[in-house]
$ cat work.tsv   # TSV, C-alpha atoms and all ligand atoms
chain	number	residue	atom	x	y	z
V	10	MET	CA	29.06	25.96	-3.69
V	11	ARG	CA	32.49	25.42	-5.27
V	12	HIS	CA	32.80	21.76	-6.17
V	13	ASP	CA	36.15	20.15	-6.65
V	14	PRO	CA	35.70	16.38	-6.88
V	15	MET	CA	39.34	15.78	-5.95
V	16	HIS	CA	38.98	17.71	-2.70
V	17	PRO	CA	35.50	17.22	-1.31
V	18	THR	CA	34.67	19.35	1.69
V	19	THR	CA	32.96	17.91	4.74
V	20	LEU	CA	29.76	19.54	3.53
V	21	ASP	CA	30.02	17.79	0.16
V	22	LEU	CA	30.47	14.44	1.87
V	23	PHE	CA	27.36	14.97	3.97
V	24	ALA	CA	25.37	16.07	0.93
V	25	ASP	CA	26.36	12.92	-0.94
V	26	ALA	CA	25.60	10.69	2.04
V	27	ASP	CA	22.18	12.32	2.24
V	28	LEU	CA	21.40	11.60	-1.38
V	29	GLU	CA	22.42	7.99	-1.09
V	30	GLN	CA	20.63	7.41	2.19
V	31	GLN	CA	18.52	4.27	2.20
V	32	PRO	CA	14.85	4.70	3.07
V	33	ARG	CA	14.28	4.40	6.81
V	34	ARG	CA	12.91	1.10	8.03
V	35	GLU	CA	10.81	1.17	11.19
V	36	GLN	CA	9.90	-2.09	12.85
V	37	ILE	CA	6.29	-2.13	14.08
V	38	GLY	CA	5.93	-5.84	14.82
V	39	GLU	CA	8.01	-9.00	14.88
V	40	GLN	CA	7.69	-9.31	11.09
V	41	SER	CA	6.20	-5.90	10.26
V	42	TYR	CA	7.88	-2.77	8.97
V	43	VAL	CA	7.18	0.72	7.73
V	44	LEU	CA	9.53	1.61	4.88
V	45	ARG	CA	9.61	5.40	4.90
V	46	GLY	CA	9.62	6.99	1.46
V	47	PHE	CA	10.34	3.67	-0.25
V	48	ALA	CA	7.93	4.33	-3.15
V	49	LEU	CA	9.10	7.91	-3.83
V	50	PRO	CA	11.70	7.03	-6.48
V	51	TRP	CA	9.07	4.86	-8.22
V	52	PHE	CA	6.28	7.41	-8.28
V	53	ASP	CA	6.85	8.84	-11.76
V	54	ARG	CA	6.62	5.33	-13.20
V	55	LEU	CA	3.69	4.26	-11.01
V	56	LEU	CA	1.43	7.15	-12.00
V	57	PRO	CA	0.97	6.45	-15.74
V	58	ALA	CA	0.61	2.73	-14.98
V	59	LEU	CA	-2.10	3.55	-12.44
V	60	HIS	CA	-3.94	5.70	-14.97
V	61	ALA	CA	-3.89	2.87	-17.51
V	62	VAL	CA	-5.32	0.43	-14.96
V	63	LEU	CA	-8.06	2.89	-13.96
V	64	ALA	CA	-9.01	3.52	-17.59
V	65	ALA	CA	-9.84	-0.20	-17.86
V	66	ALA	CA	-11.22	-0.69	-14.35
V	67	PRO	CA	-12.48	2.60	-12.90
V	68	PHE	CA	-12.89	3.25	-9.18
V	69	ARG	CA	-16.26	2.26	-7.81
V	70	GLN	CA	-17.83	2.12	-4.37
V	71	MET	CA	-18.73	-1.37	-3.25
V	72	MET	CA	-21.19	-2.69	-0.72
V	73	THR	CA	-20.25	-4.78	2.29
V	74	PRO	CA	-22.09	-8.04	2.97
V	75	GLY	CA	-23.81	-6.15	5.80
V	76	GLY	CA	-25.30	-3.69	3.30
V	77	PHE	CA	-23.08	-0.65	3.91
V	78	THR	CA	-21.49	1.26	1.03
V	79	MET	CA	-17.76	1.53	1.64
V	80	SER	CA	-16.45	5.10	1.89
V	81	VAL	CA	-13.31	4.00	0.06
V	82	ALA	CA	-13.62	3.52	-3.72
V	83	LEU	CA	-11.91	0.42	-5.11
V	84	SER	CA	-10.32	-1.00	-8.21
V	85	SER	CA	-7.93	-3.89	-8.76
V	86	CYS	CA	-5.31	-5.23	-11.08
V	87	GLY	CA	-3.57	-8.59	-11.33
V	88	THR	CA	-4.98	-12.06	-11.92
V	89	LEU	CA	-7.31	-11.74	-8.96
V	90	GLY	CA	-9.24	-8.71	-7.78
V	91	TRP	CA	-10.82	-8.31	-4.36
V	92	THR	CA	-14.51	-7.48	-4.40
V	93	THR	CA	-17.41	-7.28	-2.01
V	94	ASP	CA	-21.18	-7.23	-2.39
V	95	ARG	CA	-24.20	-8.45	-0.48
V	96	SER	CA	-23.14	-12.06	-0.92
V	97	GLY	CA	-19.69	-11.62	0.67
V	98	TYR	CA	-16.01	-10.76	0.30
V	99	ARG	CA	-14.04	-12.66	-2.32
V	100	TYR	CA	-11.47	-12.61	-5.09
V	101	THR	CA	-12.61	-12.80	-8.70
V	102	ARG	CA	-10.80	-13.13	-12.03
V	103	HIS	CA	-13.21	-10.73	-13.69
V	104	ASP	CA	-14.22	-7.22	-12.83
V	105	PRO	CA	-17.91	-7.62	-11.92
V	106	GLN	CA	-18.62	-4.13	-13.31
V	107	THR	CA	-17.26	-4.72	-16.82
V	108	GLY	CA	-17.28	-8.52	-17.04
V	109	ARG	CA	-13.69	-8.35	-18.32
V	110	PRO	CA	-10.63	-9.83	-16.63
V	111	TRP	CA	-9.03	-7.37	-14.19
V	112	PRO	CA	-6.26	-5.37	-15.90
V	113	ALA	CA	-2.86	-7.05	-15.74
V	114	MET	CA	-0.60	-5.92	-12.93
V	115	PRO	CA	1.81	-3.36	-14.38
V	116	GLU	CA	5.44	-4.50	-14.25
V	117	VAL	CA	6.41	-1.48	-12.18
V	118	PHE	CA	3.77	-2.33	-9.55
V	119	PHE	CA	5.06	-5.89	-9.31
V	120	GLU	CA	8.69	-4.79	-9.06
V	121	LEU	CA	7.94	-2.24	-6.34
V	122	ALA	CA	5.96	-4.77	-4.30
V	123	GLN	CA	8.74	-7.33	-4.60
V	124	ALA	CA	11.45	-4.84	-3.68
V	125	ALA	CA	9.50	-3.64	-0.62
V	126	ALA	CA	8.80	-7.19	0.54
V	127	ARG	CA	12.49	-8.04	0.19
V	128	GLU	CA	13.43	-4.97	2.24
V	129	ALA	CA	11.15	-6.28	5.00
V	130	GLY	CA	12.66	-9.77	4.96
V	131	PHE	CA	10.25	-11.54	2.59
V	132	SER	CA	12.47	-12.51	-0.30
V	133	ASP	CA	10.18	-14.41	-2.65
V	134	PHE	CA	6.96	-12.41	-2.74
V	135	VAL	CA	4.93	-13.07	-5.89
V	136	PRO	CA	1.78	-10.92	-5.69
V	137	ASP	CA	-1.10	-11.90	-7.97
V	138	SER	CA	-3.43	-9.16	-6.76
V	139	CYS	CA	-3.23	-5.43	-6.22
V	140	LEU	CA	-6.22	-3.78	-4.59
V	141	ILE	CA	-6.33	-0.05	-5.30
V	142	ASN	CA	-8.09	2.01	-2.63
V	143	ARG	CA	-9.06	5.64	-3.15
V	144	TYR	CA	-9.78	7.74	-0.08
V	145	VAL	CA	-11.21	11.25	-0.24
V	146	ALA	CA	-11.58	13.43	2.87
V	147	GLY	CA	-13.61	11.57	5.48
V	148	ALA	CA	-13.12	8.12	3.93
V	149	LYS	CA	-11.84	5.45	6.30
V	150	MET	CA	-11.21	1.74	6.60
V	151	SER	CA	-12.46	0.03	9.74
V	152	LEU	CA	-10.24	-2.42	11.61
V	153	HIS	CA	-10.14	-5.74	9.77
V	154	GLN	CA	-7.90	-8.71	9.00
V	155	ASP	CA	-6.89	-9.63	5.45
V	156	LYS	CA	-8.09	-13.21	5.39
V	157	ASP	CA	-9.77	-13.89	2.06
V	158	GLU	CA	-6.52	-15.18	0.56
V	159	GLY	CA	-5.93	-18.87	-0.18
V	160	SER	CA	-2.87	-18.96	2.05
V	161	TYR	CA	-1.31	-16.65	4.62
V	162	ALA	CA	2.25	-17.59	3.72
V	163	ALA	CA	2.85	-14.39	1.75
V	164	PRO	CA	3.07	-10.94	3.32
V	165	ILE	CA	0.88	-7.90	2.67
V	166	VAL	CA	2.58	-4.93	1.00
V	167	SER	CA	0.65	-1.69	1.38
V	168	VAL	CA	1.74	1.46	-0.48
V	169	SER	CA	0.56	4.95	0.52
V	170	LEU	CA	0.35	7.76	-2.02
V	171	GLY	CA	-1.12	11.25	-1.88
V	172	LEU	CA	-2.74	12.68	1.25
V	173	PRO	CA	-1.46	11.51	4.65
V	174	ALA	CA	-3.29	8.90	6.71
V	175	MET	CA	-3.30	7.64	10.25
V	176	PHE	CA	-2.85	3.88	9.96
V	177	LEU	CA	-4.00	1.64	12.78
V	178	PHE	CA	-1.93	-1.46	13.35
V	179	GLY	CA	-3.58	-3.70	15.89
V	180	GLY	CA	-3.22	-7.18	17.31
V	181	PHE	CA	-4.91	-10.48	16.64
V	182	GLU	CA	-8.22	-9.56	18.23
V	183	ARG	CA	-10.31	-6.61	17.11
V	184	SER	CA	-10.34	-5.31	20.68
V	185	ASP	CA	-6.52	-5.30	21.01
V	186	LYS	CA	-4.93	-1.89	21.32
V	187	SER	CA	-3.72	-0.47	17.99
V	188	GLN	CA	-0.54	1.43	17.25
V	189	ARG	CA	-1.23	4.70	15.41
V	190	ILE	CA	1.19	5.12	12.55
V	191	PRO	CA	1.15	8.27	10.42
V	192	LEU	CA	1.68	7.36	6.77
V	193	LEU	CA	2.89	9.84	4.18
V	194	HIS	CA	3.14	9.82	0.41
V	195	GLY	CA	5.64	7.13	-0.55
V	196	ASP	CA	5.58	5.13	2.70
V	197	ILE	CA	5.08	1.36	2.51
V	198	VAL	CA	3.89	-0.96	5.27
V	199	VAL	CA	4.78	-4.65	5.04
V	200	TRP	CA	3.44	-7.28	7.43
V	201	GLY	CA	3.65	-11.04	7.19
V	202	GLY	CA	4.78	-14.24	8.85
V	203	VAL	CA	3.66	-14.27	12.48
V	204	ASP	CA	2.04	-10.85	11.95
V	205	ARG	CA	0.12	-11.77	8.81
V	206	LEU	CA	-3.30	-11.72	10.49
V	207	ARG	CA	-2.88	-8.51	12.49
V	208	TYR	CA	-5.93	-6.23	12.50
V	209	HIS	CA	-5.39	-2.93	10.69
V	210	GLY	CA	-7.37	0.06	9.47
V	211	VAL	CA	-7.25	3.72	8.51
V	212	LEU	CA	-8.76	6.67	10.41
V	213	PRO	CA	-10.85	9.16	8.41
V	214	ILE	CA	-8.66	11.07	5.97
V	215	LYS	CA	-8.31	14.78	6.67
V	216	ASP	CA	-9.07	17.46	4.09
V	217	GLY	CA	-6.07	18.49	2.06
V	218	VAL	CA	-4.48	18.84	-1.33
V	219	HIS	CA	-1.46	16.75	-2.24
V	220	PRO	CA	0.86	18.40	-4.78
V	221	ARG	CA	0.99	15.30	-7.00
V	222	LEU	CA	-2.35	13.57	-6.35
V	223	GLY	CA	-4.74	16.33	-5.32
V	224	GLU	CA	-7.54	15.79	-2.81
V	225	GLN	CA	-7.11	12.06	-2.33
V	226	ARG	CA	-5.09	9.26	-0.86
V	227	ILE	CA	-4.38	6.23	-3.02
V	228	ASN	CA	-3.36	2.94	-1.44
V	229	PHE	CA	-2.10	-0.14	-3.25
V	230	THR	CA	-2.42	-3.38	-1.31
V	231	PHE	CA	-0.44	-6.23	-2.84
V	232	ARG	CA	-1.24	-9.79	-1.90
V	233	THR	CA	-0.79	-13.34	-3.02
V	234	ALA	CA	-4.45	-14.25	-3.14
V	235	GLY	CA	-4.56	-17.46	-5.15
V	301	LIG	C1	-6.42	-2.07	3.40
V	301	LIG	O1	-6.26	-2.60	4.48
V	301	LIG	O2	-6.96	-2.66	2.44
V	301	LIG	C2	-5.99	-0.64	3.14
V	301	LIG	C3	-4.99	-0.10	4.08
V	301	LIG	C4	-4.59	1.32	3.71
V	301	LIG	O3	-5.34	1.99	2.99
V	301	LIG	O4	-3.54	1.78	4.16
V	302	FE2	FE	-6.48	-4.75	4.75

$ encode --input "work.tsv" --output "structure tokens" --more "lines below"
Ligand code: SIN
Ligand code: FE2
Amino acid sequence: MRHDPMHPTTLDLFADADLEQQPRREQIGEQSYVLRGFALPWFDRLLPALHAVLAAAPFRQMMTPGGFTMSVALSSCGTLGWTTDRSGYRYTRHDPQTGRPWPAMPEVFFELAQAAAREAGFSDFVPDSCLINRYVAGAKMSLHQDKDEGSYAAPIVSVSLGLPAMFLFGGFERSDKSQRIPLLHGDIVVWGGVDRLRYHGVLPIKDGVHPRLGEQRINFTFRTAG
């Protein structure tokens, strides 16, 4: 198309508006939002940082206190990493598999989490933990509350990458009806404040190949744990 910056056509104006469009923010609770596509502009910086974290703390499948092996494989970065085994759910400073401290949270992870929290109305989020969940086809996360943290003052920031997922966002009782929220590569869910203890989960991931991440979904869950 001919482009004369002094005389933009209507089409040019729309094209520019499109490029500058802010990510869409969908409210799913009083203090809960889905930020559509929010992580997309960050992805090229997130990926090498993720690979560095995984080189130091590889994905592993953990056991629940009830003795079930989780279908989702986990890793962590930040001062505190979430772990589970037969003796319970907890945060640790060291990776139980290597005995070393969890890898530091990459700057770009921290910045993304803070920016997303701010977009959802939580202006001073300081995450000290990032749980990294890897889902392959069939992997799921049953309805649960995030309640192993020292305080519930900070929100949860949950980043979806790779294959799509159907996220369940429930109420304050396990039996409450859940909203079904399709999450795509780059979407971020933030919940906190009065919604901090809402039940949530992920339905089994469907087979597929994502152009950037292959046959998997990766989720980052940022929290202030300590
Ligand atoms: C979680 O609740 O830890 C994970 C949620 C998700 O994978 O979207
Ligand atoms: Fe969770």

$ residues_near_ligand --input "work.tsv" --ligand "ligand LIG 301 (chain V)" --cutoff "10 Å" --atoms "only C-alpha atoms and all ligand atoms" --output "number ranges by chain"
V: 81, 83, 91, 139-144, 148-155, 165-170, 173-178, 192, 196-198, 208-212, 226-231

$ write_last_selection --input "work.tsv" --atoms "C-alpha atoms" --output "PDB file, keeping the file's coordinate frame"
ATOM      1  CA  VAL V  81     -13.310   4.000   0.060  1.00  0.00           C
ATOM      2  CA  LEU V  83     -11.910   0.420  -5.110  1.00  0.00           C
ATOM      3  CA  TRP V  91     -10.820  -8.310  -4.360  1.00  0.00           C
ATOM      4  CA  CYS V 139      -3.230  -5.430  -6.220  1.00  0.00           C
ATOM      5  CA  LEU V 140      -6.220  -3.780  -4.590  1.00  0.00           C
ATOM      6  CA  ILE V 141      -6.330  -0.050  -5.300  1.00  0.00           C
ATOM      7  CA  ASN V 142      -8.090   2.010  -2.630  1.00  0.00           C
ATOM      8  CA  ARG V 143      -9.060   5.640  -3.150  1.00  0.00           C
ATOM      9  CA  TYR V 144      -9.780   7.740  -0.080  1.00  0.00           C
ATOM     10  CA  ALA V 148     -13.120   8.120   3.930  1.00  0.00           C
ATOM     11  CA  LYS V 149     -11.840   5.450   6.300  1.00  0.00           C
ATOM     12  CA  MET V 150     -11.210   1.740   6.600  1.00  0.00           C
ATOM     13  CA  SER V 151     -12.460   0.030   9.740  1.00  0.00           C
ATOM     14  CA  LEU V 152     -10.240  -2.420  11.610  1.00  0.00           C
ATOM     15  CA  HIS V 153     -10.140  -5.740   9.770  1.00  0.00           C
ATOM     16  CA  GLN V 154      -7.900  -8.710   9.000  1.00  0.00           C
ATOM     17  CA  ASP V 155      -6.890  -9.630   5.450  1.00  0.00           C
ATOM     18  CA  ILE V 165       0.880  -7.900   2.670  1.00  0.00           C
ATOM     19  CA  VAL V 166       2.580  -4.930   1.000  1.00  0.00           C
ATOM     20  CA  SER V 167       0.650  -1.690   1.380  1.00  0.00           C
ATOM     21  CA  VAL V 168       1.740   1.460  -0.480  1.00  0.00           C
ATOM     22  CA  SER V 169       0.560   4.950   0.520  1.00  0.00           C
ATOM     23  CA  LEU V 170       0.350   7.760  -2.020  1.00  0.00           C
ATOM     24  CA  PRO V 173      -1.460  11.510   4.650  1.00  0.00           C
ATOM     25  CA  ALA V 174      -3.290   8.900   6.710  1.00  0.00           C
ATOM     26  CA  MET V 175      -3.300   7.640  10.250  1.00  0.00           C
ATOM     27  CA  PHE V 176      -2.850   3.880   9.960  1.00  0.00           C
ATOM     28  CA  LEU V 177      -4.000   1.640  12.780  1.00  0.00           C
ATOM     29  CA  PHE V 178      -1.930  -1.460  13.350  1.00  0.00           C
ATOM     30  CA  LEU V 192       1.680   7.360   6.770  1.00  0.00           C
ATOM     31  CA  ASP V 196       5.580   5.130   2.700  1.00  0.00           C
ATOM     32  CA  ILE V 197       5.080   1.360   2.510  1.00  0.00           C
ATOM     33  CA  VAL V 198       3.890  -0.960   5.270  1.00  0.00           C
ATOM     34  CA  TYR V 208      -5.930  -6.230  12.500  1.00  0.00           C
ATOM     35  CA  HIS V 209      -5.390  -2.930  10.690  1.00  0.00           C
ATOM     36  CA  GLY V 210      -7.370   0.060   9.470  1.00  0.00           C
ATOM     37  CA  VAL V 211      -7.250   3.720   8.510  1.00  0.00           C
ATOM     38  CA  LEU V 212      -8.760   6.670  10.410  1.00  0.00           C
ATOM     39  CA  ARG V 226      -5.090   9.260  -0.860  1.00  0.00           C
ATOM     40  CA  ILE V 227      -4.380   6.230  -3.020  1.00  0.00           C
ATOM     41  CA  ASN V 228      -3.360   2.940  -1.440  1.00  0.00           C
ATOM     42  CA  PHE V 229      -2.100  -0.140  -3.250  1.00  0.00           C
ATOM     43  CA  THR V 230      -2.420  -3.380  -1.310  1.00  0.00           C
ATOM     44  CA  PHE V 231      -0.440  -6.230  -2.840  1.00  0.00           C
TER      45      PHE V 231
END

$ closest_residue --input "work.tsv" --among "V:Ala163, V:Met72, V:Ala234, V:Ala125" --to "Gly46 of chain V" --atoms "only C-alpha atoms"
V:Ala125

$ atom_distance --input "work.tsv" --atom1 "atom CA of Arg207 of chain V" --atom2 "atom CA of Pro105 of chain V"
28.7 Å

$ closest_residue --input "work.tsv" --among "V:Thr88, V:Thr107, V:Gln36, V:Thr93" --to "Ala66 of chain V" --atoms "only C-alpha atoms"
V:Thr107

$ closest_residue --input "work.tsv" --among "V:Lys186, V:Lys156, V:Arg45, V:Arg69" --to "ligand FE2 302 (chain V)" --atoms "only C-alpha atoms and all ligand atoms"
V:Lys156

$ closest_residue --input "work.tsv" --among "V:Pro191, V:Gly201, V:Gly179, V:Met114" --to "Ser132 of chain V" --atoms "all atoms listed in the file"
V:Gly201

$ atom_distance --input "work.tsv" --atom1 "atom CA of Asp204 of chain V" --atom2 "atom CA of Phe118 of chain V"
23.2 Å

$ axis_aligned_box --input "work.tsv" --around "segment 185-197 of chain V" --padding-each-side "5 Å" --output "JSON"
{"center_x": -0.4, "center_y": 2.3, "center_z": 10.4, "size_x": 22.2, "size_y": 25.1, "size_z": 31.9}

$ atom_distance --input "work.tsv" --atom1 "atom CA of Glu116 of chain V" --atom2 "atom CA of Ser84 of chain V"
17.2 Å

$ residues_around --input "work.tsv" --residues "Ser138 of chain V" --least-positions-apart "2" --cutoff "6 Å" --atoms "only C-alpha atoms" --output "list in words"
Gly87, Leu89, Gly90, Pro136, Phe231 and Arg232 of chain V

$ closest_residue --input "work.tsv" --among "V:Pro220, V:Gly147, V:Pro164, V:Gly76" --to "ligand FE2 302 (chain V)" --atoms "all atoms listed in the file"
V:Pro164

$ closest_residue --input "work.tsv" --among "V:Ser184, V:Gln106, V:Thr233, V:Ser85" --to "Ser160 of chain V" --atoms "all atoms listed in the file"
V:Thr233

$ residues_around --input "work.tsv" --residues "Phe52 of chain V" --least-positions-apart "4" --cutoff "8 Å" --atoms "all atoms listed in the file" --output "VMD selection string"
chain V and resid 48 56 195

$ residues_around --input "work.tsv" --residues "Gln40 of chain V" --least-positions-apart "4" --cutoff "9 Å" --atoms "only C-alpha atoms" --output "PDB file with C-alpha atoms, in the coordinates of the input"
ATOM      1  CA  GLN V  36       9.900  -2.090  12.850  1.00  0.00           C
ATOM      2  CA  ALA V 129      11.150  -6.280   5.000  1.00  0.00           C
ATOM      3  CA  GLY V 130      12.660  -9.770   4.960  1.00  0.00           C
ATOM      4  CA  VAL V 199       4.780  -4.650   5.040  1.00  0.00           C
ATOM      5  CA  TRP V 200       3.440  -7.280   7.430  1.00  0.00           C
ATOM      6  CA  GLY V 201       3.650 -11.040   7.190  1.00  0.00           C
ATOM      7  CA  GLY V 202       4.780 -14.240   8.850  1.00  0.00           C
ATOM      8  CA  VAL V 203       3.660 -14.270  12.480  1.00  0.00           C
ATOM      9  CA  ASP V 204       2.040 -10.850  11.950  1.00  0.00           C
ATOM     10  CA  ARG V 205       0.120 -11.770   8.810  1.00  0.00           C
TER      11      ARG V 205
END

$ build_atoms --input "work.tsv" --residues "segment 65-75 of chain V" --atoms "all heavy atoms" --output "PDB file, in the frame of the given file"
ATOM      1  N   ALA V  65      -9.194   1.089 -17.584  1.00  0.00           N
ATOM      2  CA  ALA V  65      -9.840  -0.200 -17.860  1.00  0.00           C
ATOM      3  C   ALA V  65     -10.769  -0.648 -16.732  1.00  0.00           C
ATOM      4  O   ALA V  65     -11.762  -1.332 -16.970  1.00  0.00           O
ATOM      5  CB  ALA V  65      -8.764  -1.263 -18.115  1.00  0.00           C
ATOM      6  N   ALA V  66     -10.420  -0.276 -15.516  1.00  0.00           N
ATOM      7  CA  ALA V  66     -11.220  -0.690 -14.350  1.00  0.00           C
ATOM      8  C   ALA V  66     -11.361   0.504 -13.407  1.00  0.00           C
ATOM      9  O   ALA V  66     -10.599   0.649 -12.459  1.00  0.00           O
ATOM     10  CB  ALA V  66     -10.544  -1.867 -13.636  1.00  0.00           C
ATOM     11  N   PRO V  67     -12.330   1.366 -13.684  1.00  0.00           N
ATOM     12  CA  PRO V  67     -12.480   2.600 -12.900  1.00  0.00           C
ATOM     13  C   PRO V  67     -12.824   2.335 -11.430  1.00  0.00           C
ATOM     14  O   PRO V  67     -13.365   1.286 -11.090  1.00  0.00           O
ATOM     15  CB  PRO V  67     -13.645   3.328 -13.581  1.00  0.00           C
ATOM     16  CG  PRO V  67     -13.841   2.651 -14.894  1.00  0.00           C
ATOM     17  CD  PRO V  67     -13.330   1.258 -14.748  1.00  0.00           C
ATOM     18  N   PHE V  68     -12.502   3.322 -10.591  1.00  0.00           N
ATOM     19  CA  PHE V  68     -12.890   3.250  -9.180  1.00  0.00           C
ATOM     20  C   PHE V  68     -14.403   3.151  -9.069  1.00  0.00           C
ATOM     21  O   PHE V  68     -15.145   3.795  -9.809  1.00  0.00           O
ATOM     22  CB  PHE V  68     -12.446   4.532  -8.454  1.00  0.00           C
ATOM     23  CG  PHE V  68     -10.987   4.553  -8.100  1.00  0.00           C
ATOM     24  CD1 PHE V  68     -10.171   5.596  -8.518  1.00  0.00           C
ATOM     25  CD2 PHE V  68     -10.426   3.544  -7.319  1.00  0.00           C
ATOM     26  CE1 PHE V  68      -8.827   5.635  -8.171  1.00  0.00           C
ATOM     27  CE2 PHE V  68      -9.081   3.576  -6.974  1.00  0.00           C
ATOM     28  CZ  PHE V  68      -8.280   4.619  -7.398  1.00  0.00           C
ATOM     29  N   ARG V  69     -14.835   2.354  -8.108  1.00  0.00           N
ATOM     30  CA  ARG V  69     -16.260   2.260  -7.810  1.00  0.00           C
ATOM     31  C   ARG V  69     -16.417   2.002  -6.320  1.00  0.00           C
ATOM     32  O   ARG V  69     -15.516   1.459  -5.676  1.00  0.00           O
ATOM     33  CB  ARG V  69     -16.939   1.154  -8.641  1.00  0.00           C
ATOM     34  CG  ARG V  69     -16.746  -0.285  -8.190  1.00  0.00           C
ATOM     35  CD  ARG V  69     -15.348  -0.812  -8.314  1.00  0.00           C
ATOM     36  NE  ARG V  69     -14.698  -0.773  -9.609  1.00  0.00           N
ATOM     37  CZ  ARG V  69     -14.752  -1.756 -10.498  1.00  0.00           C
ATOM     38  NH1 ARG V  69     -15.430  -2.853 -10.245  1.00  0.00           N
ATOM     39  NH2 ARG V  69     -14.067  -1.658 -11.615  1.00  0.00           N
ATOM     40  N   GLN V  70     -17.560   2.400  -5.775  1.00  0.00           N
ATOM     41  CA  GLN V  70     -17.830   2.120  -4.370  1.00  0.00           C
ATOM     42  C   GLN V  70     -18.587   0.812  -4.267  1.00  0.00           C
ATOM     43  O   GLN V  70     -19.538   0.581  -5.018  1.00  0.00           O
ATOM     44  CB  GLN V  70     -18.607   3.281  -3.747  1.00  0.00           C
ATOM     45  CG  GLN V  70     -17.654   4.437  -3.399  1.00  0.00           C
ATOM     46  CD  GLN V  70     -18.370   5.617  -2.804  1.00  0.00           C
ATOM     47  OE1 GLN V  70     -19.014   6.369  -3.523  1.00  0.00           O
ATOM     48  NE2 GLN V  70     -18.257   5.791  -1.503  1.00  0.00           N
ATOM     49  N   MET V  71     -18.132  -0.035  -3.375  1.00  0.00           N
ATOM     50  CA  MET V  71     -18.730  -1.370  -3.250  1.00  0.00           C
ATOM     51  C   MET V  71     -19.504  -1.474  -1.944  1.00  0.00           C
ATOM     52  O   MET V  71     -19.296  -0.702  -1.020  1.00  0.00           O
ATOM     53  CB  MET V  71     -17.634  -2.430  -3.266  1.00  0.00           C
ATOM     54  CG  MET V  71     -16.927  -2.549  -4.604  1.00  0.00           C
ATOM     55  SD  MET V  71     -15.768  -3.951  -4.555  1.00  0.00           S
ATOM     56  CE  MET V  71     -14.936  -3.716  -6.125  1.00  0.00           C
ATOM     57  N   MET V  72     -20.361  -2.481  -1.893  1.00  0.00           N
ATOM     58  CA  MET V  72     -21.190  -2.690  -0.720  1.00  0.00           C
ATOM     59  C   MET V  72     -20.646  -3.851   0.111  1.00  0.00           C
ATOM     60  O   MET V  72     -20.200  -4.864  -0.442  1.00  0.00           O
ATOM     61  CB  MET V  72     -22.617  -2.978  -1.160  1.00  0.00           C
ATOM     62  CG  MET V  72     -23.607  -2.856  -0.023  1.00  0.00           C
ATOM     63  SD  MET V  72     -25.304  -2.900  -0.628  1.00  0.00           S
ATOM     64  CE  MET V  72     -25.570  -1.183  -1.004  1.00  0.00           C
ATOM     65  N   THR V  73     -20.670  -3.695   1.412  1.00  0.00           N
ATOM     66  CA  THR V  73     -20.250  -4.780   2.290  1.00  0.00           C
ATOM     67  C   THR V  73     -21.377  -5.818   2.371  1.00  0.00           C
ATOM     68  O   THR V  73     -22.537  -5.490   2.064  1.00  0.00           O
ATOM     69  CB  THR V  73     -19.947  -4.279   3.714  1.00  0.00           C
ATOM     70  OG1 THR V  73     -21.181  -3.824   4.290  1.00  0.00           O
ATOM     71  CG2 THR V  73     -18.939  -3.132   3.698  1.00  0.00           C
ATOM     72  N   PRO V  74     -21.029  -7.027   2.819  1.00  0.00           N
ATOM     73  CA  PRO V  74     -22.090  -8.040   2.970  1.00  0.00           C
ATOM     74  C   PRO V  74     -23.194  -7.550   3.913  1.00  0.00           C
ATOM     75  O   PRO V  74     -24.357  -7.932   3.767  1.00  0.00           O
ATOM     76  CB  PRO V  74     -21.347  -9.242   3.577  1.00  0.00           C
ATOM     77  CG  PRO V  74     -19.915  -9.041   3.210  1.00  0.00           C
ATOM     78  CD  PRO V  74     -19.686  -7.558   3.112  1.00  0.00           C
ATOM     79  N   GLY V  75     -22.829  -6.680   4.858  1.00  0.00           N
ATOM     80  CA  GLY V  75     -23.810  -6.150   5.800  1.00  0.00           C
ATOM     81  C   GLY V  75     -24.708  -5.062   5.219  1.00  0.00           C
ATOM     82  O   GLY V  75     -25.608  -4.566   5.895  1.00  0.00           O
TER      83      GLY V  75
END
